[in-house]
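First up is the structure itself, then whatever we jot down about it.
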Amino acid sequence: MSSHLDDGELAALAADQAGQLLLALRTDSGLRGEVLGRAGDAQANASIVALLTQHRPDDALLSEEQPPGVARLQHSRVWIVDPLDGTREYGEPGARTDWAVHVALCVDGVPTACAVALPGLKQLWRSDRVQALPAAYAGRPRIVVSRTRPPPVADTLAQRLDAQLLRIGSAGAKAMAVLRGDAELYVHAGGMNEWDSCAPVGVALAHGLVACRFDGSPCRYNQPDPKTPDLLIGRAHWVEQARALLPSI
């Protein structure tokens, strides 16, 4: 089926629709905890897959909720999807907002059309609708890290930069915190899956942030082993400072 939606519009629509579904499920289903998280993962994935199948039937798909088959490696265009990033936070009581929906199109391994929905904050960040970055923060730098698995390297890096660590759930929530100006750096080590980082990296790059591996190389996607071993996202100034310190940590 041909589609009047361009890739950016499709990514945004898929992320937004899944996000609205997840909000309604959390409010109305009566489910809580891991049961709510599993239901959210499954239903959001079904929503995104149905939309992509309808509008881009010839593209390949890599989703957290489906086995990473090898057929995708033969495709130039691959959608990389995390239908609910931060499942733990989504299922917790208290209406946490640090969970996200990630939808990204990669062409030859490079993120091109990407969307990160933060439904709890009523935010939808898109690579095709770039917003101006806020003024640089003049206070003590802030580094966002995993809420449950902060990398040991981040503690030492924070000490060297005289920075404070902020623990946030979803990778998308962390990356968008840097975009909003709520943090200067996002540091991750210890491995993550491509669907965790792809859409956040694509949106961050489109907005003028640096997003790279610890060694400065670009993040490449749709790899045979779909992992991102480490990741830095931030303004060039802070990424350069961090990269200068990391080899000695």
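Every chain in the structure tokens takes a letter, A first, then B, and so on in the order presented; its residues are numbered from 1, and the ligands are numbered from 1 following the presented order.
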
Can you pull out every residue within 12 Å of A:Ala46, counting only C-alpha atoms, but drop anything in the same chain fewer than 2 positions away, and send it as a VMD selection string?
chain A and resid 14 to 15 17 to 18 21 to 22 39 to 44 48 to 53 63 to 66 81 to 84

Among stretch 3-248 of chain A, which residues does DSSP mark as strand (DSSP E or B) when it is run on the backbone? Keep the chain and numbering as in the structure and answer as a count of residues only.
65

Taking only C-alpha atoms into account, name the residue in A:Met176, A:Val110, A:Ala11, A:Ala24 that is nearest to A:Cys198.
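The closest residue to A:Cys198 is A:Val110.
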
Identify, on the basis of only C-alpha atoms, every residue whose closest approach to A:Arg243 does not exceed 8 Å; exclude the query and any residue fewer than 4 positions from it along the same chain; express the result as a list in words.
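Near A:Arg243, the qualifying residues are Phe214, Asp215, Gly216, Val239 and Pro247 of chain A.
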
Please compute the atom CA of A:Pro111-atom CA of A:Thr97 distance, one decimal, in Å.
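Atom-to-atom, atom CA of A:Pro111 to atom CA of A:Thr97, that is 25.0 Å.
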
Distance criterion (only C-alpha atoms): nearest to A:Ala158 out of A:Glu184, A:Asp225, A:Glu92, A:Glu194
A:Glu184

Residues near stretch 133-137 of chain A, cut-off 10 Å, only C-alpha atoms, skip fewer than 6 positions along chain, as a ChimeraX atom specification
/A:178-184,207-209,235

Writing out the chosen residues with N, CA and C atoms as a PDB file, in the first residue's frame:
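Generated output (result33.pdb):
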ATOM      1  N   VAL A 178      18.534  15.746  28.160  1.00  0.00           N
ATOM      2  CA  VAL A 178      19.649  16.550  27.660  1.00  0.00           C
ATOM      3  C   VAL A 178      19.134  17.560  26.625  1.00  0.00           C
ATOM      4  N   LEU A 179      18.251  17.122  25.737  1.00  0.00           N
ATOM      5  CA  LEU A 179      17.686  18.033  24.735  1.00  0.00           C
ATOM      6  C   LEU A 179      16.927  19.189  25.387  1.00  0.00           C
ATOM      7  N   ARG A 180      16.188  18.883  26.432  1.00  0.00           N
ATOM      8  CA  ARG A 180      15.403  19.928  27.114  1.00  0.00           C
ATOM      9  C   ARG A 180      16.270  20.891  27.903  1.00  0.00           C
ATOM     10  N   GLY A 181      17.529  20.525  28.155  1.00  0.00           N
ATOM     11  CA  GLY A 181      18.391  21.354  28.982  1.00  0.00           C
ATOM     12  C   GLY A 181      18.340  20.999  30.450  1.00  0.00           C
ATOM     13  N   ASP A 182      17.777  19.827  30.779  1.00  0.00           N
ATOM     14  CA  ASP A 182      17.720  19.377  32.171  1.00  0.00           C
ATOM     15  C   ASP A 182      18.985  18.637  32.587  1.00  0.00           C
ATOM     16  N   ALA A 183      19.871  18.376  31.632  1.00  0.00           N
ATOM     17  CA  ALA A 183      21.150  17.720  31.909  1.00  0.00           C
ATOM     18  C   ALA A 183      22.105  18.075  30.785  1.00  0.00           C
ATOM     19  N   GLU A 184      23.406  17.900  31.065  1.00  0.00           N
ATOM     20  CA  GLU A 184      24.422  18.231  30.063  1.00  0.00           C
ATOM     21  C   GLU A 184      24.919  17.002  29.312  1.00  0.00           C
ATOM     22  N   HIS A 207      18.906  17.473  16.385  1.00  0.00           N
ATOM     23  CA  HIS A 207      18.818  18.730  17.128  1.00  0.00           C
ATOM     24  C   HIS A 207      20.181  19.368  17.386  1.00  0.00           C
ATOM     25  N   GLY A 208      21.232  18.782  16.849  1.00  0.00           N
ATOM     26  CA  GLY A 208      22.550  19.398  16.969  1.00  0.00           C
ATOM     27  C   GLY A 208      23.392  18.921  18.120  1.00  0.00           C
ATOM     28  N   LEU A 209      22.914  17.918  18.862  1.00  0.00           N
ATOM     29  CA  LEU A 209      23.750  17.336  19.903  1.00  0.00           C
ATOM     30  C   LEU A 209      24.725  16.341  19.279  1.00  0.00           C
ATOM     31  N   ARG A 235      26.034  18.126  24.365  1.00  0.00           N
ATOM     32  CA  ARG A 235      26.624  19.160  23.524  1.00  0.00           C
ATOM     33  C   ARG A 235      28.103  18.840  23.328  1.00  0.00           C
TER      34      ARG A 235
END

Considering only C-alpha atoms, can you say which of A:Gln241, A:Gln131, A:Thr148, A:Ser197 comes closest to A:Ala104?
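Among the listed residues, A:Ser197 lies closest to A:Ala104.
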
Find the residue from A:Ile249, A:Gly91, A:Asp7, A:Ala244 that sits nearest to A:Leu31; use only C-alpha atoms when measuring.
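Comparing A:Ile249, A:Gly91, A:Asp7, A:Ala244 against A:Leu31, the winner is A:Gly91.
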
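The environment of A:Pro119 within 8 Å, counting only C-alpha atoms and disregarding residues fewer than 3 places along the same chain, consists of Asp16, Gly19, Gln20, Leu23, Thr97, Trp99, Ala100, Lys122, Gln123 and Leu124 of chain A.
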
Within 12 Å of A:Leu166, counting only C-alpha atoms, which residues qualify if same-chain residues fewer than 6 places away don't, as a list in words?
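Contacts, with the query itself left out: Pro141, Arg142, Ile143, Val144, Val145, Ser146, Arg147, Thr148, Pro150, Ala154, Asp155, Ala158, Ala173, Lys174, Ala177, Val178, Asp182, Ala183, Glu184, Leu185, Tyr186 and Val187 of chain A.
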
Mind the document's chain letters and residue numbers, and return as a ChimeraX atom specification the residues of stretch 41-240 of chain A that DSSP labels helix (DSSP H, G or I).
/A:41-55,70-74,87-91,119-121,152-161,171-180,194-206,236-240

Which residue out of A:Asp108, A:Glu240, A:Glu89, A:Asp58 has the minimum interatomic distance to A:Gln223 when only C-alpha atoms are used?
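Distance minimum relative to A:Gln223 lands on A:Asp108.
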
Fewer than 2 positions away in the same chain doesn't count, so skip those; otherwise give me all residues within 12 Å of A:Gly109, counting only C-alpha atoms, as a PyMOL selection string.
chain A and resi 72-80+104-107+111-112+194+198+202+218-224+226
